[in-house]
Every structure is written in C-alpha cells, then in structure tokens.
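The next block holds one structure in the form of structure tokens; read it before the comments.
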Amino acid sequence: MRFVGKVALVTGGARGFGRAFGEALAREGAAVVLADLDAAAVADTAEELRTAGRRVVGLPCDVTDEAAVERTVAAAVAEFGGLDILINNAGLHLTRYNQPFSTLPRDDVRALFDVNVMGTVNCSVAAHEPMRLRGGGAILNISSMASYAATSPYGVSKLAVRGLTIAFATEFAAAGVRCNAISPGLIATESAMADLSDSLVEDIVQKRQLVKRLGAVDDIVGMAMYLCSSDAAFITGETFKVSGGMPLWI
C-alpha cells in the first residue's frame with residue numbers, strides 16, 4: 001500500500017490509461033480524483049471504482065481551460081485535503097495526428113498542442129502550490145515513443161512534453177516536487193488496436209521490438225506507480241521508455 005494518505009489527480013481519467021492509473025493508485029491506498037472532458041464517462045468510471053471500495057471522485061475538466069483546471073485542483077484539495085500526485089494523461093493521439101504538418105489542418109495542430117502541451121502546463125502549474133503545501137509531490141507526464149523521431153505534429157507535441165518534464169523538475173525542485181515522464185511504445189489499448197492495422201502491429205512487434213509481444217496497459221501502470229511513489233524519491237526530470245526495446249540507441 002504505497003499511497004496510503006496520498007491524494008492523486010489523474011487527467012483523461014474516464015478510460016484507457018487514465019482509468020488504469022486511477023484504479024491502481026486507489027488500490028494502493030490513495031484518494032483519487034479522475035478528471036476528464038467527458039463528464040458522463042468520468043462519473044460512471046468513478047462510481048464503478050467506488051462500488052469496488054475505492055476512494056474516487058470523477059470531475060469534468062477541460063485541461064486546455066486554465067480556469068477549469070484551477071477549479072478541478074481546488075475541488076481535489078477541498079474533497080481530500082491536499083494534493084500529492086498528478087498524472088498528466090489527457091491527450092490527443094492516434095494516426096489522425098501523425099500526418100505531416102503540411103497536411104494536418106492548422107485547427108487540428110492548434111488543438112493538438114493546446115491539449116498535449118498547454119494542458120500539461122495548466123495542470124502542472126495548478127498542482128505546484130498544493131503540493132508545496134504538503135511538503136512535495138510527484139508529477140508524471142505521458143509522452144510517447146513518437147517523440148524520439150518527432151516527424152509529425154503528434155511526435156513534436158510529445159517531444160514538448162519531455163521538455164516540460166525537465167523544465168518542471170527544475171522549476172519545482174525547491175518545493176520538493178519531482179517531475180518525470182513515460183514514453184509508451186505500442187500498447188494494446190482499445191483505441192490503439194482500433195486505429196492501427198494488423199500488419200503494422202505485427203511489424204512493430206516482430207521487427208522493431210526486442211520483446212516479442214504487445215505491450216499491456218499494466219506495463220505502463222507498473223512504471224507509473226513506481227515513479228509516483230517514494231521508491232523513486234531520487235529520480236526527477238527523466239523520461240522512461242516502456243516499449244519492449246524499440247528502438248534502442250546510445
């Protein structure tokens with residue numbers, strides 16, 4: 001029970017990674033606030049987890065709206081007494097945003113950067129002061145293996161997330177707040193499997209990865225729980241690849 005007495009906020013918490021992060025944190029003792037643009041879905045997810053005996057609330061939140069983020073953080077503090085952990089999971093992704101900059105409509109580029117980059121900024125800045133008042137905390141950003149090639153709007157947005165990880169680790173260090181990130185590889189989420197062709201999935205697993213299986217959500221959750229816990233107390237400003245060894249370089 002690594003998170004007894006801790007309060008966590010997870011954005012994009014209605015489904016996918018966000019739900020899995022919230023469930024894992026709550027299972028290990030944390031009080032969890034799930035925030036999501038889909039108000040009905042996040043309420044349903046929170047209710048399901050409460051039915052399983054977890055301390056979870058679900059709140060609607062648009063991470064691109066600075067005022068809405070501040071209200072959500074304030075609600076988390078009011079509900080559970082503080083804030084110790086933030087997971088910046090909300091994001092736009094999939095092949096729609098892997099088009100070239102010259103092809104993807106500019107409105108889509110703006111929306112992508114507003115969610116993936118400014119959403120991370122808004123939530124991290126809002127979480128800083130409540131964490132400082134608790135003596136410190138942990139922020140975890142979700143980047144992507146696409147950030148290492150950075151050849152598409154999506155990849156560049158996730159490269160920016162890695163940069164923000166270093167920036168916030170530096171800026172928030174005096175408050176005792178650590179900031180790290182995970183770059184997932186190919187993970188068998190429902191959205192990814194619906195978006196990618198079977199042939200591309202097979203090519204990635206068999207030809208590009210060293211571990212010859214699809215990544216599982218639990219592979220990412222395990223790393224997330226480590227980085228948010230006191231086990232990682234001497235780690236900040238780092239991005240960890242969880243990709244089955246795709247790709248490796250020095």
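Residue numbers start at 1 in each chain; chains themselves are named A, B, ... in the order of the structure tokens; ligands are numbered from 1 in the order shown.
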Using only C-alpha atoms, tabulate the residues of region 29-109 of chain A lying at most 10 Å from any atom of region 2-6 of chain A, each with its closest atom pair and that distance in Å to one decimal, by chain and increasing residue number, as a Markdown table.
| residue | atom | partner | partner_atom | distance |
| --- | --- | --- | --- | --- |
| A:Gly29 | CA | A:Val4 | CA | 4.2 |
| A:Ala30 | CA | A:Phe3 | CA | 4.9 |
| A:Ala31 | CA | A:Lys6 | CA | 6.4 |
| A:Val32 | CA | A:Lys6 | CA | 8.5 |
| A:Phe80 | CA | A:Lys6 | CA | 9.0 |
| A:Gly81 | CA | A:Lys6 | CA | 9.6 |
| A:Gly82 | CA | A:Lys6 | CA | 8.3 |
| A:Leu83 | CA | A:Lys6 | CA | 7.3 |
| A:Asp84 | CA | A:Lys6 | CA | 5.8 |
| A:Ile85 | CA | A:Lys6 | CA | 7.5 |
From a backbone DSSP assignment, name each residue in region 20-197 of chain A labelled helix (DSSP H, G or I), as a PyMOL selection string. chain A and resi 20-27+39-51+66-80+95-97+106-133+146-149+153-171+173-175+190-195
For CA of Asn116 (chain A) and CA of Ala188 (chain A), determine how far apart the two atoms are, in Å to one decimal place. 20.9 Å
Closest atom pairs, residues of region 176-222 of chain A within 10 Å of region 15-22 of chain A, only C-alpha atoms, as a tab-separated table:
residue	atom	partner	partner_atom	distance
A:Ile187	CA	A:Phe17	CA	10.0
A:Thr189	CA	A:Gly16	CA	6.7
A:Glu190	CA	A:Gly16	CA	7.6
A:Ser191	CA	A:Gly16	CA	8.1
A:Val217	CA	A:Phe17	CA	6.7
A:Asp218	CA	A:Ala20	CA	8.0
A:Ile220	CA	A:Phe17	CA	8.1
A:Val221	CA	A:Phe21	CA	6.0
A:Gly222	CA	A:Phe21	CA	9.1
Please write the residues from the selection above to a file, keeping N, CA and C atoms, as a PDB file, in the first residue's frame.
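Full text of again_38.pdb as output:
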ATOM      1  N   ILE A 187       1.117  -0.218 -27.157  1.00  0.00           N
ATOM      2  CA  ILE A 187       0.386  -0.812 -26.041  1.00  0.00           C
ATOM      3  C   ILE A 187      -1.003  -1.209 -26.539  1.00  0.00           C
ATOM      4  N   THR A 189      -4.067  -1.003 -26.102  1.00  0.00           N
ATOM      5  CA  THR A 189      -5.289  -0.358 -25.635  1.00  0.00           C
ATOM      6  C   THR A 189      -6.366  -0.518 -26.707  1.00  0.00           C
ATOM      7  N   GLU A 190      -7.599  -0.347 -26.297  1.00  0.00           N
ATOM      8  CA  GLU A 190      -8.710  -0.475 -27.238  1.00  0.00           C
ATOM      9  C   GLU A 190      -8.586   0.531 -28.375  1.00  0.00           C
ATOM     10  N   SER A 191      -8.207   1.766 -28.045  1.00  0.00           N
ATOM     11  CA  SER A 191      -8.119   2.803 -29.080  1.00  0.00           C
ATOM     12  C   SER A 191      -6.983   2.532 -30.051  1.00  0.00           C
ATOM     13  N   VAL A 217      -1.355  -2.598 -20.849  1.00  0.00           N
ATOM     14  CA  VAL A 217      -1.578  -1.412 -20.023  1.00  0.00           C
ATOM     15  C   VAL A 217      -0.850  -1.549 -18.688  1.00  0.00           C
ATOM     16  N   ASP A 218      -0.829  -2.745 -18.131  1.00  0.00           N
ATOM     17  CA  ASP A 218      -0.154  -2.958 -16.849  1.00  0.00           C
ATOM     18  C   ASP A 218       1.346  -2.672 -16.923  1.00  0.00           C
ATOM     19  N   ILE A 220       2.672  -0.145 -18.423  1.00  0.00           N
ATOM     20  CA  ILE A 220       2.774   1.295 -18.202  1.00  0.00           C
ATOM     21  C   ILE A 220       2.371   1.638 -16.770  1.00  0.00           C
ATOM     22  N   VAL A 221       1.337   0.990 -16.284  1.00  0.00           N
ATOM     23  CA  VAL A 221       0.876   1.257 -14.918  1.00  0.00           C
ATOM     24  C   VAL A 221       1.972   0.945 -13.908  1.00  0.00           C
ATOM     25  N   GLY A 222       2.681  -0.158 -14.106  1.00  0.00           N
ATOM     26  CA  GLY A 222       3.737  -0.527 -13.172  1.00  0.00           C
ATOM     27  C   GLY A 222       4.816   0.538 -13.078  1.00  0.00           C
TER      28      GLY A 222
END
Can you tell me which residues surround region 139-152 of chain A at a distance of at most 8 Å, considering only C-alpha atoms, apart from same-chain residues fewer than 6 positions away, and format the answer as a VMD selection string? chain A and resid 85 to 89 97 to 101 120 124 158 to 159 161 to 162 165 177 to 185 224 227 to 228 241 243
For the residues selected in the previous step, produce a file with N, CA and C atoms as a tab-separated table (two decimals), in the first residue's frame.
chain	number	residue	atom	x	y	z
A	85	ILE	N	-0.05	13.86	-5.91
A	85	ILE	CA	0.33	13.21	-7.16
A	85	ILE	C	-0.53	13.76	-8.29
A	86	LEU	N	0.10	14.08	-9.40
A	86	LEU	CA	-0.61	14.47	-10.62
A	86	LEU	C	-0.11	13.61	-11.76
A	87	ILE	N	-1.02	12.97	-12.48
A	87	ILE	CA	-0.66	12.28	-13.71
A	87	ILE	C	-1.30	13.00	-14.88
A	88	ASN	N	-0.46	13.63	-15.71
A	88	ASN	CA	-0.91	14.35	-16.90
A	88	ASN	C	-1.10	13.35	-18.03
A	89	ASN	N	-2.27	12.73	-18.05
A	89	ASN	CA	-2.55	11.67	-19.02
A	89	ASN	C	-3.42	12.14	-20.18
A	97	TYR	N	-3.24	12.44	-36.04
A	97	TYR	CA	-2.27	13.50	-35.75
A	97	TYR	C	-0.85	13.12	-36.17
A	98	ASN	N	-0.72	11.99	-36.85
A	98	ASN	CA	0.59	11.59	-37.37
A	98	ASN	C	0.78	11.97	-38.83
A	99	GLN	N	-0.08	12.83	-39.33
A	99	GLN	CA	0.09	13.36	-40.68
A	99	GLN	C	1.19	14.43	-40.66
A	100	PRO	N	1.74	14.76	-41.84
A	100	PRO	CA	2.72	15.86	-41.89
A	100	PRO	C	2.07	17.18	-41.51
A	101	PHE	N	2.89	18.12	-41.05
A	101	PHE	CA	2.38	19.45	-40.71
A	101	PHE	C	1.71	20.11	-41.91
A	120	THR	N	-0.73	20.09	-20.22
A	120	THR	CA	0.30	19.68	-19.25
A	120	THR	C	0.79	20.87	-18.45
A	124	SER	N	0.10	21.16	-14.37
A	124	SER	CA	1.31	21.14	-13.55
A	124	SER	C	1.44	22.41	-12.72
A	158	LYS	N	4.65	15.55	-28.25
A	158	LYS	CA	5.13	14.70	-27.17
A	158	LYS	C	6.61	14.94	-26.87
A	159	LEU	N	7.37	15.44	-27.85
A	159	LEU	CA	8.72	15.92	-27.58
A	159	LEU	C	8.65	17.12	-26.63
A	161	VAL	N	6.40	17.59	-24.40
A	161	VAL	CA	6.09	17.05	-23.08
A	161	VAL	C	7.36	16.61	-22.37
A	162	ARG	N	8.29	16.00	-23.10
A	162	ARG	CA	9.56	15.63	-22.49
A	162	ARG	C	10.33	16.86	-22.04
A	165	THR	N	8.89	18.17	-18.88
A	165	THR	CA	9.28	17.33	-17.75
A	165	THR	C	10.57	17.84	-17.12
A	177	VAL	N	8.89	18.93	-5.32
A	177	VAL	CA	8.05	18.28	-6.33
A	177	VAL	C	8.93	17.67	-7.41
A	178	ARG	N	8.82	16.36	-7.58
A	178	ARG	CA	9.53	15.67	-8.66
A	178	ARG	C	8.64	15.62	-9.90
A	179	CYS	N	9.26	15.61	-11.08
A	179	CYS	CA	8.50	15.50	-12.33
A	179	CYS	C	9.23	14.55	-13.26
A	180	ASN	N	8.56	13.48	-13.66
A	180	ASN	CA	9.11	12.50	-14.59
A	180	ASN	C	8.09	12.20	-15.68
A	181	ALA	N	8.50	11.42	-16.66
A	181	ALA	CA	7.61	11.07	-17.77
A	181	ALA	C	7.84	9.63	-18.21
A	182	ILE	N	6.84	9.09	-18.87
A	182	ILE	CA	6.91	7.79	-19.51
A	182	ILE	C	6.66	7.97	-21.00
A	183	SER	N	7.47	7.29	-21.83
A	183	SER	CA	7.21	7.22	-23.27
A	183	SER	C	6.77	5.79	-23.60
A	184	PRO	N	5.46	5.56	-23.68
A	184	PRO	CA	4.99	4.21	-24.04
A	184	PRO	C	5.28	3.88	-25.50
A	185	GLY	N	5.54	2.61	-25.74
A	185	GLY	CA	5.60	2.11	-27.10
A	185	GLY	C	4.22	1.65	-27.53
A	224	ALA	N	4.41	3.70	-13.88
A	224	ALA	CA	3.79	4.90	-13.32
A	224	ALA	C	3.73	4.84	-11.80
A	227	LEU	N	7.20	5.52	-10.35
A	227	LEU	CA	7.66	6.91	-10.44
A	227	LEU	C	6.87	7.84	-9.52
A	228	CYS	N	5.64	7.49	-9.22
A	228	CYS	CA	4.83	8.32	-8.32
A	228	CYS	C	5.09	8.02	-6.85
A	241	LYS	N	11.47	5.09	-21.30
A	241	LYS	CA	10.84	4.34	-22.40
A	241	LYS	C	10.30	3.02	-21.87
A	243	SER	N	8.79	0.23	-23.94
A	243	SER	CA	8.48	-0.01	-25.35
A	243	SER	C	8.92	-1.38	-25.85
Extract the full set of strand (DSSP E or B) residues from region 126-230 of chain A according to DSSP on the backbone, and format it as a list in words.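 Secondary structure check on region 126-230 of chain A, strand (DSSP E or B): Gly137, Ala138, Ile139, Leu140, Asn141, Ile142, Val177, Arg178, Cys179, Asn180, Ala181, Ile182, Ser183, Pro184, Ile187 and Gly215 of chain A.
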Could the residues in this selection be saved with N, CA and C atoms as a tab-separated table (two decimals), in the first residue's frame?
chain	number	residue	atom	x	y	z
A	137	GLY	N	5.69	16.52	-3.80
A	137	GLY	CA	4.78	15.65	-4.53
A	137	GLY	C	5.44	15.10	-5.77
A	138	ALA	N	4.64	14.45	-6.59
A	138	ALA	CA	5.15	13.82	-7.82
A	138	ALA	C	4.22	14.13	-8.98
A	139	ILE	N	4.80	14.60	-10.07
A	139	ILE	CA	4.07	14.81	-11.33
A	139	ILE	C	4.59	13.79	-12.33
A	140	LEU	N	3.69	13.15	-13.02
A	140	LEU	CA	4.05	12.19	-14.06
A	140	LEU	C	3.40	12.61	-15.36
A	141	ASN	N	4.21	12.82	-16.39
A	141	ASN	CA	3.71	13.16	-17.72
A	141	ASN	C	3.73	11.93	-18.62
A	142	ILE	N	2.80	11.87	-19.55
A	142	ILE	CA	2.77	10.78	-20.52
A	142	ILE	C	3.21	11.32	-21.87
A	177	VAL	N	8.89	18.93	-5.32
A	177	VAL	CA	8.05	18.28	-6.33
A	177	VAL	C	8.93	17.67	-7.41
A	178	ARG	N	8.82	16.36	-7.58
A	178	ARG	CA	9.53	15.67	-8.66
A	178	ARG	C	8.64	15.62	-9.90
A	179	CYS	N	9.26	15.61	-11.08
A	179	CYS	CA	8.50	15.50	-12.33
A	179	CYS	C	9.23	14.55	-13.26
A	180	ASN	N	8.56	13.48	-13.66
A	180	ASN	CA	9.11	12.50	-14.59
A	180	ASN	C	8.09	12.20	-15.68
A	181	ALA	N	8.50	11.42	-16.66
A	181	ALA	CA	7.61	11.07	-17.77
A	181	ALA	C	7.84	9.63	-18.21
A	182	ILE	N	6.84	9.09	-18.87
A	182	ILE	CA	6.91	7.79	-19.51
A	182	ILE	C	6.66	7.97	-21.00
A	183	SER	N	7.47	7.29	-21.83
A	183	SER	CA	7.21	7.22	-23.27
A	183	SER	C	6.77	5.79	-23.60
A	184	PRO	N	5.46	5.56	-23.68
A	184	PRO	CA	4.99	4.21	-24.04
A	184	PRO	C	5.28	3.88	-25.50
A	187	ILE	N	1.12	-0.22	-27.16
A	187	ILE	CA	0.39	-0.81	-26.04
A	187	ILE	C	-1.00	-1.21	-26.54
A	215	GLY	N	2.69	-4.69	-25.91
A	215	GLY	CA	2.71	-4.11	-24.58
A	215	GLY	C	1.32	-4.13	-23.98
Hey, can you check how far CA of Val73 (chain A) sits from CA of Phe234 (chain A)? 25.8 Å
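By only C-alpha atoms, and with residues fewer than 3 positions from Ala35 (chain A) along its chain excluded, the set lying at most 10 Å from it is Leu9, Val10, Thr11, Gly12, Gly13, Ala14, Gly18, Arg19, Val32, Asp38, Ala39, Val42, Ala43, Ala46, Val57, Gly58, Leu59, Pro60, Cys61, Asp62, Val63, Val69, Thr72, Val73, Ala76, Asn89 and Ala90 of chain A.
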Hey, can you check how far CA of Gly176 (chain A) sits from CA of Met118 (chain A)? 22.8 Å
Best match for closeness to Leu92 (chain A) among A:Gly245, A:Gly155, A:Gly163, A:Gly237, counting only C-alpha atoms: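 Of A:Gly245, A:Gly155, A:Gly163, A:Gly237, the one nearest Leu92 (chain A) is A:Gly155, counting only C-alpha atoms.
Using only C-alpha atoms, the protein and nucleic acid residues lying no more than 12 Å from Asp203 (chain A), apart from those fewer than 5 places from it along its own chain, are Leu186, Leu196, Ser197, Asp198, Arg208, Gln209, Lys212, Arg213, Leu214 and Met246 of chain A.
The residue that comes closest to Tyr154 (chain A), out of A:Thr95, A:Thr236, A:Thr64, A:Ser229 and on the basis of only C-alpha atoms, is A:Thr95.
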